[in-house]
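Novice: For reference, this is coords-v9.txt, and it has compact mmCIF, C-alpha atoms.
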```
# COMPACT_ATOMS: atom_id res chain seq x y z
CA MET A 8 78.20 -23.16 13.11
CA GLU A 9 75.25 -25.34 12.21
CA ILE A 10 74.49 -26.15 8.60
CA GLU A 11 71.26 -24.47 7.63
CA LEU A 12 69.06 -24.57 4.54
CA LYS A 13 67.04 -21.38 4.09
CA ASN A 14 64.15 -21.38 1.63
CA ILE A 15 65.96 -23.58 -0.89
CA GLU A 16 64.31 -23.87 -4.28
CA LYS A 17 65.58 -26.17 -6.97
CA ALA A 18 64.06 -27.40 -10.21
CA PHE A 19 65.36 -29.31 -13.22
CA GLY A 20 63.28 -27.93 -16.09
CA GLU A 21 59.65 -28.64 -15.24
CA LYS A 22 60.53 -30.94 -12.38
CA VAL A 23 60.44 -29.08 -9.08
CA VAL A 24 62.64 -30.78 -6.50
CA PHE A 25 62.56 -28.33 -3.60
CA ARG A 26 60.10 -25.56 -2.86
CA LYS A 27 61.08 -23.31 0.06
CA LEU A 28 63.00 -26.04 1.87
CA SER A 29 64.36 -24.91 5.22
CA TYR A 30 66.16 -27.06 7.75
CA ARG A 31 68.88 -26.87 10.36
CA PHE A 32 71.24 -29.84 10.72
CA PRO A 33 72.43 -30.35 14.29
CA GLU A 34 76.19 -30.03 14.75
CA GLY A 35 78.17 -33.11 15.79
CA GLU A 36 75.32 -35.53 15.08
CA THR A 37 74.24 -37.89 12.34
CA THR A 38 71.15 -36.77 10.48
CA CYS A 39 69.46 -39.36 8.31
CA ILE A 40 67.82 -37.99 5.19
CA MET A 41 64.92 -40.16 4.08
CA GLY A 42 62.13 -40.06 1.57
CA PRO A 43 60.75 -41.81 -1.51
CA SER A 44 62.73 -42.14 -4.75
CA GLY A 45 62.86 -38.89 -6.70
CA CYS A 46 62.25 -36.68 -3.67
CA GLY A 47 65.65 -35.00 -4.04
CA LYS A 48 67.85 -36.71 -1.45
CA THR A 49 70.85 -36.92 -3.80
CA THR A 50 70.16 -33.39 -5.11
CA LEU A 51 70.24 -32.10 -1.55
CA LEU A 52 73.64 -33.68 -0.98
CA ARG A 53 74.91 -32.25 -4.28
CA LEU A 54 73.71 -28.79 -3.20
CA LEU A 55 75.47 -29.15 0.14
CA LEU A 56 78.66 -30.39 -1.55
CA GLY A 57 78.58 -27.36 -3.86
CA LEU A 58 78.18 -29.50 -6.99
CA GLU A 59 74.81 -27.86 -7.76
CA LEU A 60 73.57 -24.36 -7.06
CA PRO A 61 70.08 -23.67 -5.68
CA ASP A 62 67.76 -21.63 -7.89
CA SER A 63 67.07 -19.48 -4.85
CA GLY A 64 67.60 -19.61 -1.12
CA GLU A 65 70.74 -19.96 0.96
CA ILE A 66 72.90 -22.70 2.38
CA LEU A 67 74.66 -21.50 5.51
CA GLY A 68 77.48 -23.10 7.44
CA MET A 69 79.15 -25.01 4.60
CA ALA A 70 81.62 -22.37 3.40
CA GLY A 71 85.20 -23.12 4.36
CA ARG A 72 84.31 -26.50 5.84
CA LYS A 73 86.29 -29.57 4.90
CA LYS A 74 83.91 -31.99 3.25
CA SER A 75 84.06 -35.72 2.79
CA ALA A 76 81.60 -37.88 0.90
CA VAL A 77 80.43 -41.34 0.03
CA PHE A 78 78.76 -40.75 -3.33
CA GLN A 79 75.82 -42.72 -4.65
CA GLU A 80 78.27 -44.25 -7.13
CA ASP A 81 81.60 -45.46 -5.75
CA ARG A 82 83.64 -42.91 -7.75
CA LEU A 83 86.91 -44.77 -7.21
CA CYS A 84 89.94 -44.63 -9.48
CA GLU A 85 89.54 -48.05 -11.06
CA ASN A 86 93.07 -48.38 -12.42
CA VAL A 87 94.90 -47.80 -9.16
CA SER A 88 95.09 -49.91 -6.02
CA ALA A 89 92.64 -49.71 -3.14
CA VAL A 90 95.26 -48.17 -0.85
CA SER A 91 96.12 -45.56 -3.52
CA ASN A 92 92.46 -44.54 -3.55
CA LEU A 93 92.82 -43.76 0.14
CA ARG A 94 96.22 -42.07 -0.24
CA MET A 95 94.66 -39.80 -2.83
CA VAL A 96 92.62 -38.10 -0.09
CA SER A 97 94.91 -38.93 2.81
CA PRO A 98 98.50 -38.70 1.51
CA HIS A 99 100.19 -39.36 4.86
CA LEU A 100 98.46 -42.69 5.39
CA SER A 101 101.22 -45.16 6.32
CA HIS A 102 101.29 -48.73 5.06
CA LYS A 103 100.62 -50.00 8.58
CA ASP A 104 97.63 -47.69 9.10
CA GLY A 105 96.33 -48.63 5.67
CA GLU A 106 96.53 -52.31 6.51
CA ALA A 107 94.75 -51.76 9.81
CA LEU A 108 91.97 -49.75 8.14
CA PHE A 109 91.34 -52.33 5.44
CA ALA A 110 91.41 -55.14 7.99
CA ARG A 111 88.54 -53.50 9.89
CA LEU A 112 86.24 -54.05 6.93
CA GLY A 113 87.63 -57.43 5.83
CA LEU A 114 89.74 -56.11 2.95
CA GLU A 115 93.21 -56.84 4.37
CA ASP A 116 94.25 -59.01 1.39
CA SER A 117 93.26 -56.46 -1.23
CA LEU A 118 95.34 -53.38 -0.42
CA HIS A 119 97.47 -53.40 -3.54
CA GLN A 120 94.93 -54.83 -5.96
CA PRO A 121 93.60 -52.46 -8.65
CA VAL A 122 90.04 -51.52 -7.74
CA ARG A 123 88.73 -52.61 -11.16
CA GLU A 124 89.23 -56.20 -10.00
CA PHE A 125 86.97 -55.70 -6.95
CA SER A 126 83.38 -56.84 -6.50
CA GLY A 127 80.62 -54.23 -5.99
CA GLY A 128 80.60 -54.75 -2.22
CA MET A 129 84.37 -54.41 -1.95
CA LYS A 130 84.32 -51.18 -3.95
CA ARG A 131 81.61 -49.80 -1.65
CA ARG A 132 83.72 -50.51 1.41
CA VAL A 133 86.76 -48.81 -0.18
CA ALA A 134 84.57 -45.77 -0.94
CA ILE A 135 83.47 -45.70 2.73
CA LEU A 136 87.05 -46.10 4.00
CA ARG A 137 88.16 -43.29 1.71
CA ALA A 138 85.49 -40.95 3.09
CA LEU A 139 86.38 -41.85 6.68
CA SER A 140 90.14 -41.53 6.21
CA ALA A 141 89.90 -38.02 4.72
CA GLU A 142 90.19 -35.00 6.99
CA TYR A 143 86.68 -33.53 7.28
CA ASP A 144 84.32 -31.31 9.24
CA VAL A 145 81.18 -32.68 7.64
CA LEU A 146 80.59 -36.05 6.01
CA LEU A 147 77.85 -36.56 3.44
CA ALA A 148 76.97 -40.13 2.58
CA ASP A 149 74.49 -41.20 -0.10
CA GLU A 150 73.15 -44.69 0.68
CA PRO A 151 76.65 -45.81 1.74
CA PHE A 152 75.70 -49.37 2.71
CA ARG A 153 73.77 -50.22 -0.43
CA GLY A 154 74.85 -53.47 -2.06
CA LEU A 155 76.50 -54.97 1.03
CA ASP A 156 75.40 -58.36 2.33
CA GLU A 157 73.78 -58.41 5.77
CA ALA A 158 76.86 -59.45 7.78
CA THR A 159 79.20 -57.00 6.00
CA LYS A 160 76.59 -54.26 6.24
CA ARG A 161 76.33 -54.71 10.02
CA LEU A 162 80.11 -54.68 10.41
CA THR A 163 80.49 -51.62 8.18
CA MET A 164 77.65 -49.71 9.86
CA GLU A 165 79.14 -50.31 13.30
CA TYR A 166 82.56 -49.17 12.13
CA PHE A 167 81.04 -46.13 10.41
CA LYS A 168 79.11 -45.15 13.54
CA LYS A 169 82.17 -45.52 15.75
CA GLN A 170 84.37 -43.48 13.41
CA THR A 171 81.86 -40.67 12.99
CA ALA A 172 80.81 -40.34 16.63
CA GLY A 173 80.60 -36.67 17.57
CA LYS A 174 80.93 -35.51 13.97
CA THR A 175 78.43 -33.88 11.65
CA VAL A 176 77.18 -36.52 9.26
CA LEU A 177 74.35 -36.30 6.74
CA LEU A 178 73.37 -39.77 5.68
CA VAL A 179 70.87 -40.58 2.92
CA THR A 180 69.07 -43.86 3.39
CA HIS A 181 65.95 -45.68 2.27
CA GLU A 182 65.96 -48.11 5.16
CA GLU A 183 64.30 -47.39 8.47
CA GLN A 184 66.59 -49.88 10.20
CA GLU A 185 69.60 -47.83 9.17
CA ALA A 186 67.91 -44.62 10.30
CA GLU A 187 67.14 -46.20 13.67
CA PHE A 188 70.72 -47.40 13.99
CA PHE A 189 72.25 -43.98 13.24
CA GLY A 190 69.61 -41.40 13.57
CA GLU A 191 69.44 -39.03 16.38
CA GLU A 192 67.76 -36.80 13.78
CA ILE A 193 65.74 -37.60 10.67
CA LEU A 194 64.95 -35.25 7.80
CA MET A 195 62.02 -36.63 5.83
CA LEU A 196 61.67 -35.30 2.30
CA ASP A 197 58.63 -35.78 0.09
CA VAL A 198 58.03 -35.55 -3.64
CA LYS A 199 57.15 -32.02 -4.72
CA CYS A 200 55.47 -32.57 -8.05
CA MET B 30 81.11 -79.23 -35.44
CA ILE B 31 81.69 -77.68 -32.04
CA PHE B 32 83.65 -80.75 -30.96
CA ILE B 33 85.89 -80.56 -34.01
CA MET B 34 86.74 -76.93 -33.25
CA LYS B 35 87.44 -77.75 -29.64
CA ASP B 36 89.73 -80.59 -30.64
CA ASP B 37 91.60 -78.31 -33.01
CA GLN B 38 92.02 -75.69 -30.34
CA LYS B 39 93.22 -78.33 -27.89
CA GLY B 40 95.81 -79.53 -30.39
CA ASN B 41 96.97 -75.98 -31.03
CA SER B 42 97.30 -75.08 -27.38
CA ARG B 43 99.97 -77.74 -26.89
CA LEU B 44 102.42 -75.35 -28.58
CA SER B 45 103.52 -72.23 -26.77
CA PRO B 46 102.88 -68.90 -28.55
CA PHE B 47 106.63 -68.46 -28.96
CA VAL B 48 106.99 -71.82 -30.74
CA LYS B 49 104.00 -70.98 -32.94
CA LYS B 50 105.61 -67.68 -33.94
CA LEU B 51 108.90 -69.43 -34.57
CA LEU B 52 107.22 -72.02 -36.78
CA ALA B 53 105.36 -69.35 -38.76
CA THR B 54 108.58 -67.36 -39.26
CA GLY B 55 110.38 -70.54 -40.28
CA PHE B 56 107.68 -71.31 -42.83
CA TRP B 57 107.98 -67.90 -44.51
CA LEU B 58 111.79 -68.03 -44.47
CA LEU B 59 111.69 -71.43 -46.10
CA LEU B 60 109.27 -70.17 -48.74
CA TRP B 61 111.52 -67.15 -49.36
CA GLN B 62 114.58 -69.42 -49.69
CA LEU B 63 112.75 -71.72 -52.12
CA ALA B 64 111.51 -68.75 -54.19
CA ALA B 65 115.05 -67.32 -54.36
CA MET B 66 116.46 -70.71 -55.36
CA GLY B 67 113.77 -71.11 -57.99
CA LEU B 68 114.32 -67.63 -59.44
CA LYS B 69 118.14 -67.93 -59.38
CA GLN B 70 118.56 -64.17 -59.78
CA GLU B 71 120.04 -62.54 -56.69
CA ILE B 72 119.52 -59.06 -58.15
CA LEU B 73 115.76 -59.59 -58.10
CA LEU B 74 115.41 -61.68 -54.97
CA ALA B 75 118.26 -62.31 -52.54
CA SER B 76 117.96 -65.53 -50.55
CA PRO B 77 117.69 -65.44 -46.73
CA ALA B 78 121.07 -67.18 -46.57
CA ALA B 79 122.70 -64.42 -48.69
CA VAL B 80 121.04 -61.73 -46.57
CA PHE B 81 122.22 -63.40 -43.39
CA HIS B 82 125.73 -63.65 -44.80
CA CYS B 83 125.67 -59.97 -45.71
CA LEU B 84 124.44 -59.10 -42.21
CA LEU B 85 127.34 -61.05 -40.70
CA GLU B 86 129.71 -59.02 -42.87
CA LEU B 87 128.12 -55.73 -41.78
CA LEU B 88 127.90 -56.39 -38.03
CA PRO B 89 131.62 -56.24 -37.08
CA THR B 90 132.25 -52.97 -38.96
CA GLY B 91 132.35 -49.63 -37.17
CA ASP B 92 130.56 -47.99 -40.09
CA PHE B 93 127.52 -50.23 -39.52
CA TRP B 94 127.15 -49.18 -35.89
CA HIS B 95 127.73 -45.49 -36.72
CA THR B 96 125.03 -45.70 -39.38
CA VAL B 97 122.60 -47.43 -37.02
CA LEU B 98 123.29 -44.87 -34.28
CA PHE B 99 122.87 -41.96 -36.72
CA SER B 100 119.40 -43.04 -37.88
CA PHE B 101 118.23 -44.51 -34.57
CA SER B 102 119.04 -41.40 -32.55
CA ARG B 103 117.31 -39.07 -34.99
CA ILE B 104 114.18 -41.12 -35.62
CA ILE B 105 113.69 -41.84 -31.92
CA LEU B 106 114.35 -38.21 -31.02
CA GLY B 107 111.56 -37.24 -33.43
CA PHE B 108 109.30 -39.87 -31.86
CA LEU B 109 109.98 -38.72 -28.29
CA LEU B 110 109.45 -35.06 -29.20
CA ALA B 111 106.17 -36.06 -30.86
CA CYS B 112 105.09 -37.87 -27.66
CA LEU B 113 105.77 -34.71 -25.71
CA ALA B 114 104.16 -32.29 -28.16
CA GLY B 115 101.16 -34.53 -28.97
CA THR B 116 100.38 -35.13 -25.30
CA LEU B 117 100.82 -31.48 -24.35
CA LEU B 118 98.67 -30.19 -27.21
CA ALA B 119 95.98 -32.82 -26.57
CA THR B 120 95.84 -31.97 -22.86
CA LEU B 121 95.55 -28.26 -23.64
CA SER B 122 92.92 -28.98 -26.32
CA ALA B 123 90.85 -31.03 -23.89
CA ARG B 124 91.04 -28.29 -21.26
CA PHE B 125 90.56 -25.20 -23.47
CA SER B 126 88.17 -25.45 -26.41
CA PRO B 127 89.72 -22.48 -28.34
CA VAL B 128 93.04 -24.38 -28.34
CA ARG B 129 91.22 -27.46 -29.67
CA GLU B 130 89.53 -25.43 -32.40
CA LEU B 131 92.91 -24.01 -33.39
CA ILE B 132 94.97 -27.20 -33.23
CA SER B 133 92.55 -29.87 -34.51
CA PRO B 134 92.43 -28.67 -38.17
CA LEU B 135 96.23 -28.41 -38.21
CA MET B 136 96.56 -31.98 -36.95
CA SER B 137 94.05 -33.23 -39.51
CA ALA B 138 96.00 -31.45 -42.26
CA VAL B 139 99.35 -32.87 -41.11
CA ARG B 140 97.76 -36.33 -41.00
CA SER B 141 96.43 -36.06 -44.56
CA VAL B 142 99.55 -34.68 -46.28
CA PRO B 143 101.51 -37.47 -48.02
CA VAL B 144 104.81 -38.17 -46.30
CA ALA B 145 106.74 -37.67 -49.59
CA SER B 146 105.38 -34.09 -49.89
CA PHE B 147 106.51 -33.35 -46.37
CA ILE B 148 109.94 -34.80 -46.97
CA ILE B 149 110.55 -32.64 -50.04
CA LEU B 150 109.14 -29.55 -48.34
CA VAL B 151 111.08 -30.05 -45.11
CA LEU B 152 114.28 -30.58 -47.12
CA LEU B 153 113.95 -26.95 -48.19
CA TRP B 154 113.83 -25.81 -44.57
CA VAL B 155 116.27 -28.00 -42.64
CA PRO B 156 119.60 -29.70 -43.41
CA SER B 157 119.20 -33.30 -44.57
CA LYS B 158 120.86 -34.69 -41.43
CA SER B 159 117.94 -33.36 -39.33
CA LEU B 160 115.29 -34.43 -41.85
CA SER B 161 114.38 -37.74 -40.17
CA VAL B 162 113.88 -35.99 -36.80
CA VAL B 163 111.35 -33.58 -38.31
CA ILE B 164 109.55 -36.20 -40.43
CA SER B 165 109.33 -38.71 -37.59
CA PHE B 166 108.00 -35.90 -35.39
CA LEU B 167 105.44 -34.76 -37.97
CA MET B 168 104.10 -38.25 -38.61
CA VAL B 169 103.76 -39.29 -34.97
CA THR B 170 102.47 -36.05 -33.40
CA PRO B 171 98.91 -36.26 -34.90
CA VAL B 172 98.59 -39.90 -33.79
CA LEU B 173 99.55 -39.03 -30.23
CA TYR B 174 97.36 -35.92 -30.31
CA ALA B 175 94.24 -37.74 -31.52
CA ASN B 176 94.54 -40.66 -29.08
CA VAL B 177 95.41 -38.65 -25.99
CA LEU B 178 92.67 -36.12 -26.82
CA THR B 179 90.11 -38.96 -27.02
CA GLY B 180 91.30 -40.16 -23.61
CA ALA B 181 91.27 -36.69 -22.09
CA GLN B 182 87.78 -35.92 -23.44
CA GLY B 183 86.48 -39.20 -22.06
CA MET B 184 87.78 -38.33 -18.62
CA ASP B 185 85.26 -39.30 -15.97
CA GLN B 186 83.41 -36.15 -14.80
CA GLU B 187 82.18 -37.90 -11.67
CA LEU B 188 85.80 -38.46 -10.64
CA SER B 189 86.55 -34.78 -11.23
CA GLU B 190 83.65 -33.90 -8.92
CA MET B 191 84.99 -36.32 -6.34
CA ALA B 192 88.43 -34.68 -6.57
CA ALA B 193 86.85 -31.25 -6.08
CA VAL B 194 84.89 -32.38 -2.99
CA PHE B 195 88.00 -33.90 -1.38
CA ARG B 196 90.10 -30.86 -2.35
CA ILE B 197 92.71 -33.07 -4.05
CA PRO B 198 95.61 -30.91 -5.31
CA LEU B 199 96.66 -30.99 -8.97
CA SER B 200 99.81 -33.06 -8.32
CA ARG B 201 97.76 -35.87 -6.77
CA ARG B 202 95.03 -35.57 -9.39
CA LEU B 203 97.70 -36.08 -12.04
CA ARG B 204 99.14 -39.07 -10.24
CA TYR B 205 95.91 -40.88 -9.31
CA LEU B 206 93.21 -39.57 -11.66
CA TYR B 207 94.55 -38.29 -14.94
CA LEU B 208 97.60 -40.48 -15.61
CA PRO B 209 95.88 -43.83 -15.00
CA GLN B 210 92.99 -42.75 -17.25
CA LEU B 211 95.23 -41.41 -20.02
CA MET B 212 97.90 -44.09 -20.02
CA PRO B 213 95.99 -46.72 -22.07
CA PHE B 214 95.39 -44.11 -24.80
CA PHE B 215 98.99 -42.93 -24.67
CA ARG B 216 100.23 -46.52 -24.88
CA SER B 217 98.17 -47.43 -27.95
CA ALA B 218 99.26 -44.19 -29.65
CA CYS B 219 102.91 -45.01 -28.93
CA ALA B 220 102.50 -48.53 -30.31
CA ALA B 221 101.08 -47.10 -33.56
CA GLY B 222 103.58 -44.23 -33.65
CA LEU B 223 106.65 -46.42 -33.21
CA GLY B 224 105.99 -48.32 -36.43
CA LEU B 225 105.15 -45.10 -38.25
CA CYS B 226 108.27 -43.18 -37.18
CA TRP B 227 110.61 -45.83 -38.62
CA LYS B 228 108.76 -46.08 -41.92
CA ALA B 229 108.58 -42.31 -42.39
CA GLY B 230 112.04 -41.63 -40.97
CA VAL B 231 113.83 -44.08 -43.25
CA ALA B 232 111.77 -42.91 -46.26
CA ALA B 233 112.95 -39.37 -45.48
CA GLU B 234 116.56 -40.54 -45.36
CA VAL B 235 116.25 -42.34 -48.71
CA ILE B 236 115.00 -39.13 -50.32
CA GLY B 237 117.19 -36.63 -48.41
CA LEU B 238 120.27 -38.90 -48.34
CA PRO B 239 121.89 -37.56 -45.17
CA GLU B 240 125.48 -38.77 -45.02
CA GLY B 241 125.99 -41.83 -42.81
CA SER B 242 122.29 -42.75 -42.51
CA ILE B 243 120.51 -46.07 -43.04
CA GLY B 244 118.56 -44.39 -45.84
CA GLU B 245 121.79 -43.58 -47.66
CA ARG B 246 122.96 -47.21 -47.29
CA LEU B 247 119.65 -48.41 -48.74
CA TYR B 248 120.00 -46.00 -51.65
CA GLU B 249 123.59 -47.08 -52.34
CA ALA B 250 122.56 -50.74 -52.27
CA LYS B 251 119.85 -49.99 -54.81
CA ILE B 252 122.20 -47.97 -57.09
CA TYR B 253 124.87 -50.70 -57.09
CA LEU B 254 122.22 -53.44 -57.37
CA GLU B 255 123.46 -55.04 -54.15
CA THR B 256 120.15 -56.71 -53.39
CA PRO B 257 121.38 -58.81 -50.42
CA ARG B 258 122.71 -55.62 -48.84
CA LEU B 259 119.35 -53.88 -49.48
CA PHE B 260 117.57 -56.76 -47.77
CA ALA B 261 120.12 -56.83 -44.95
CA TRP B 262 119.58 -53.14 -44.14
CA THR B 263 115.83 -53.69 -44.31
CA VAL B 264 116.18 -56.51 -41.78
CA VAL B 265 118.22 -54.16 -39.58
CA ILE B 266 115.43 -51.54 -39.73
CA ILE B 267 112.79 -54.15 -38.83
CA LEU B 268 114.88 -55.42 -35.93
CA LEU B 269 115.64 -51.93 -34.61
CA SER B 270 111.99 -50.97 -34.86
CA LEU B 271 110.78 -54.15 -33.16
CA LEU B 272 113.40 -54.13 -30.39
CA PHE B 273 112.80 -50.49 -29.53
CA GLU B 274 109.03 -50.95 -29.62
CA LYS B 275 109.23 -53.93 -27.26
CA LEU B 276 111.60 -52.10 -24.90
CA PHE B 277 109.60 -48.87 -24.90
CA LEU B 278 106.25 -50.58 -24.33
CA PHE B 279 107.78 -52.85 -21.68
CA LEU B 280 109.03 -49.82 -19.75
CA LEU B 281 105.69 -48.08 -20.20
CA ASP B 282 103.78 -51.14 -18.92
CA LYS B 283 106.15 -51.44 -16.00
CA GLY B 284 105.57 -47.79 -15.13
CA LEU B 285 101.81 -48.26 -15.44
CA SER B 286 101.86 -51.32 -13.21
CA ARG B 287 103.90 -49.44 -10.57
CA LEU B 288 101.38 -46.64 -10.78
CA GLU B 289 98.53 -49.09 -10.21
CA LYS B 290 100.12 -50.91 -7.30
CA ALA B 291 101.75 -48.01 -5.45
```
Could you show the structure in this file as C-alpha cells?
Specialist:
Amino acid sequence: MEIELKNIEKAFGEKVVFRKLSYRFPEGETTCIMGPSGCGKTTLLRLLLGLELPDSGEILGMAGRKKSAVFQEDRLCENVSAVSNLRMVSPHLSHKDGEALFARLGLEDSLHQPVREFSGGMKRRVAILRALSAEYDVLLADEPFRGLDEATKRLTMEYFKKQTAGKTVLLVTHEEQEAEFFGEEILMLDVKC
Amino acid sequence: MIFIMKDDQKGNSRLSPFVKKLLATGFWLLLWQLAAMGLKQEILLASPAAVFHCLLELLPTGDFWHTVLFSFSRIILGFLLACLAGTLLATLSARFSPVRELISPLMSAVRSVPVASFIILVLLWVPSKSLSVVISFLMVTPVLYANVLTGAQGMDQELSEMAAVFRIPLSRRLRYLYLPQLMPFFRSACAAGLGLCWKAGVAAEVIGLPEGSIGERLYEAKIYLETPRLFAWTVVIILLSLLFEKLFLFLLDKGLSRLEKA
C-alpha cells in the first residue's frame, strides 16, 4: 500500500506548517523532499514516523510498517561502541557482517570505539549504517549526507542508493545534486506563512 | 611568570603520581611521629610506630578477623541494599511523577536527619547487631536516589524517540540506552556513598555497641585509654573503606568499559 498524505494540517502555535497537504509517495522508490528552510520537511518526517500528530487530515499506509530513519541529528548512543549502535537495531548482526558493513564506508578501524570519540562525519556514517542495517519497510532520512566531505559523501550516497534500491525511501535534502542522484520523484514543499 | 609555572610543572611531572602520594603520606606520618615524640603522652597522641606495633599485634588474632568480618559484612550489606533501593526508587520516580512526589520529600527528610538521631531511634526498632546495616542503608539510599534520579531525568528524549522508531525492546533499551546514560551518575553516587556508609556504620556501632563489632573495639579502647589501639582500629577502618571503594569502583569501571566495547 502506498503512503498517502490526505489534507494534512499542522501548526505550531501561530506558525502554520502545512495547510491541506496531500501527496502520494510511490512504493519501492526514493522520493526526495525538498524546499526552503522552515517549510516543514523535518515536521513531515516526524509526522510520518508517528512522533507528531497532524492537527487534521490523515496519513495512510504507515500503520504496521517497519520504519527506519536517519534523523537530522545523529541520535547515537555516545557511550557505546559503533557496532553496538548497530546491534541495538539489528541484534543478530555478526562480527564479520559488522566489519564488512563498516568497511564499506571507511570505518573498519572504529568498530569497537565508543561513538563519543568519533568526528561528526564518522557519526553521520554510523547513523546511516544503523538505518540501513535495521529491518524496514520504509526508510525516512533527514539530510543524511550533511557534514560529509565530497569524497565520503559520494561513496556514502552510492552505497545508500545500492542498499535501498527497490525500497520505499523518503529523503529530505537541500541539494539539487542529491535529488538528481536519487530522485525518481521529488516533493517540493514551500513556506506556508 | 608563565615560564616559571611551566618550569615548576615540568619539575613536578618527573615524579609519578604514586611517588607523589607516597611522599605526601610520608610527610604527614613524619609530622605525626614528631608531634607524638614532642608531646610524650601516648594517651593523648599515639605515635605511628606505636599504632603500627599495635596493628601487628592485632593482625594474627582470630578475634581481629572476626571483628572485621562482622562490621564489614553488615556495613557493606547496608550499602548494597541502598544501591538497589536508591536506584529502583529513582528509576520509578523518573518514570512516574506521583512516585517522585511521594518519595522525594521522604528522601530529603532522611538526608537532613542527623545520623545520631537515626542511630538512637533505630536502636529502639532493631537489635544492635543489625544496627549498622540499617544506618548504612539509610545514609546511602538518599545519595543514590538523588544522583540516579538526576541521571534518569536528564535522559536524552531524542534517543527515546529513536528507540521508539526502531521498535527497540526494553531489554535492549536497558542495555544500550539507559545503562550507559545512568552509569556515570550511579558511579559517582557509589563513590560518595562508600565513604558515608563506613562513617555512619561505625558511628552506629560505637553507640549501639553490638558484640564483636569494630565499634565495640573502638569504644573499649577509649574506655581503657588504649590510644594506640584506638588509632589502630581507626587505621583498619580507613584501609577497609579505601580497599573496598577501590575494588568496587574498579569492578564498576570494568563493567562499564565492557558495556561500551561490546
Novice: Taking only residues of chain B that have an atom at most 10 Å from an atom of chain A, what is each one's shortest atom pair and its distance in Å to one decimal, using only C-alpha atoms, in chain and number order, as a tab-separated table?
Specialist:
```
residue	atom	partner	partner_atom	distance
B:Asp185	CA	A:Arg82	CA	9.1
B:Gln186	CA	A:Arg82	CA	9.8
B:Glu187	CA	A:Arg82	CA	6.5
B:Leu188	CA	A:Arg82	CA	5.7
B:Ser189	CA	A:Arg82	CA	9.3
B:Glu190	CA	A:Leu58	CA	7.3
B:Met191	CA	A:Arg82	CA	6.9
B:Ala192	CA	A:Val96	CA	8.4
B:Ala193	CA	A:Leu58	CA	8.9
B:Val194	CA	A:Lys74	CA	6.3
B:Phe195	CA	A:Ser75	CA	6.0
B:Arg196	CA	A:Val96	CA	8.0
B:Ile197	CA	A:Val96	CA	6.4
B:Pro198	CA	A:Met95	CA	9.3
B:Arg201	CA	A:Met95	CA	6.4
B:Arg202	CA	A:Met95	CA	7.8
B:Arg204	CA	A:Met95	CA	8.7
B:Tyr205	CA	A:Met95	CA	6.7
B:Leu206	CA	A:Cys84	CA	6.4
B:Tyr207	CA	A:Cys84	CA	9.6
B:Leu208	CA	A:Asn86	CA	9.6
B:Pro209	CA	A:Asn86	CA	5.9
B:Gln210	CA	A:Asn86	CA	7.4
B:Met212	CA	A:Asn86	CA	10.0
B:Leu285	CA	A:Asn86	CA	9.2
B:Ser286	CA	A:Val87	CA	8.8
B:Arg287	CA	A:Val87	CA	9.3
B:Leu288	CA	A:Val87	CA	6.8
B:Glu289	CA	A:Val87	CA	4.0
B:Lys290	CA	A:His119	CA	5.2
B:Ala291	CA	A:Ser91	CA	6.4
```
Novice: Output C-alpha atoms for every residue in the selection just made, as a PDB file, in the frame of the given file.
Specialist:
```pdb
ATOM      1  CA  ASP B 185      85.260 -39.300 -15.970  1.00  0.00           C
ATOM      2  CA  GLN B 186      83.410 -36.150 -14.800  1.00  0.00           C
ATOM      3  CA  GLU B 187      82.180 -37.900 -11.670  1.00  0.00           C
ATOM      4  CA  LEU B 188      85.800 -38.460 -10.640  1.00  0.00           C
ATOM      5  CA  SER B 189      86.550 -34.780 -11.230  1.00  0.00           C
ATOM      6  CA  GLU B 190      83.650 -33.900  -8.920  1.00  0.00           C
ATOM      7  CA  MET B 191      84.990 -36.320  -6.340  1.00  0.00           C
ATOM      8  CA  ALA B 192      88.430 -34.680  -6.570  1.00  0.00           C
ATOM      9  CA  ALA B 193      86.850 -31.250  -6.080  1.00  0.00           C
ATOM     10  CA  VAL B 194      84.890 -32.380  -2.990  1.00  0.00           C
ATOM     11  CA  PHE B 195      88.000 -33.900  -1.380  1.00  0.00           C
ATOM     12  CA  ARG B 196      90.100 -30.860  -2.350  1.00  0.00           C
ATOM     13  CA  ILE B 197      92.710 -33.070  -4.050  1.00  0.00           C
ATOM     14  CA  PRO B 198      95.610 -30.910  -5.310  1.00  0.00           C
ATOM     15  CA  ARG B 201      97.760 -35.870  -6.770  1.00  0.00           C
ATOM     16  CA  ARG B 202      95.030 -35.570  -9.390  1.00  0.00           C
ATOM     17  CA  ARG B 204      99.140 -39.070 -10.240  1.00  0.00           C
ATOM     18  CA  TYR B 205      95.910 -40.880  -9.310  1.00  0.00           C
ATOM     19  CA  LEU B 206      93.210 -39.570 -11.660  1.00  0.00           C
ATOM     20  CA  TYR B 207      94.550 -38.290 -14.940  1.00  0.00           C
ATOM     21  CA  LEU B 208      97.600 -40.480 -15.610  1.00  0.00           C
ATOM     22  CA  PRO B 209      95.880 -43.830 -15.000  1.00  0.00           C
ATOM     23  CA  GLN B 210      92.990 -42.750 -17.250  1.00  0.00           C
ATOM     24  CA  MET B 212      97.900 -44.090 -20.020  1.00  0.00           C
ATOM     25  CA  LEU B 285     101.810 -48.260 -15.440  1.00  0.00           C
ATOM     26  CA  SER B 286     101.860 -51.320 -13.210  1.00  0.00           C
ATOM     27  CA  ARG B 287     103.900 -49.440 -10.570  1.00  0.00           C
ATOM     28  CA  LEU B 288     101.380 -46.640 -10.780  1.00  0.00           C
ATOM     29  CA  GLU B 289      98.530 -49.090 -10.210  1.00  0.00           C
ATOM     30  CA  LYS B 290     100.120 -50.910  -7.300  1.00  0.00           C
ATOM     31  CA  ALA B 291     101.750 -48.010  -5.450  1.00  0.00           C
TER      32      ALA B 291
END
```
Novice: Dump as a list in words all residues having an atom at most 12 Å from (71.0, -22.9, -6.1), computed in the file's coordinates with all atoms listed in the file.
Specialist: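 The distance filter leaves exactly Leu12, Lys13, Asn14, Ile15, Glu16, Lys17, Ala18, Phe19, Val24, Phe25, Arg26, Lys27, Leu28, Thr50, Leu51, Arg53, Leu54, Leu55, Leu56, Gly57, Leu58, Glu59, Leu60, Pro61, Asp62, Ser63, Gly64, Glu65 and Ile66 of chain A.
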Novice: Could you check the closest approach to Tyr166 of chain A for each of A:Pro43, A:Gly113, A:Gly68, A:Gly105 and tell me which residue wins, using only C-alpha atoms?
Specialist: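 Among A:Pro43, A:Gly113, A:Gly68, A:Gly105, it is A:Gly113 that comes nearest to Tyr166 of chain A.
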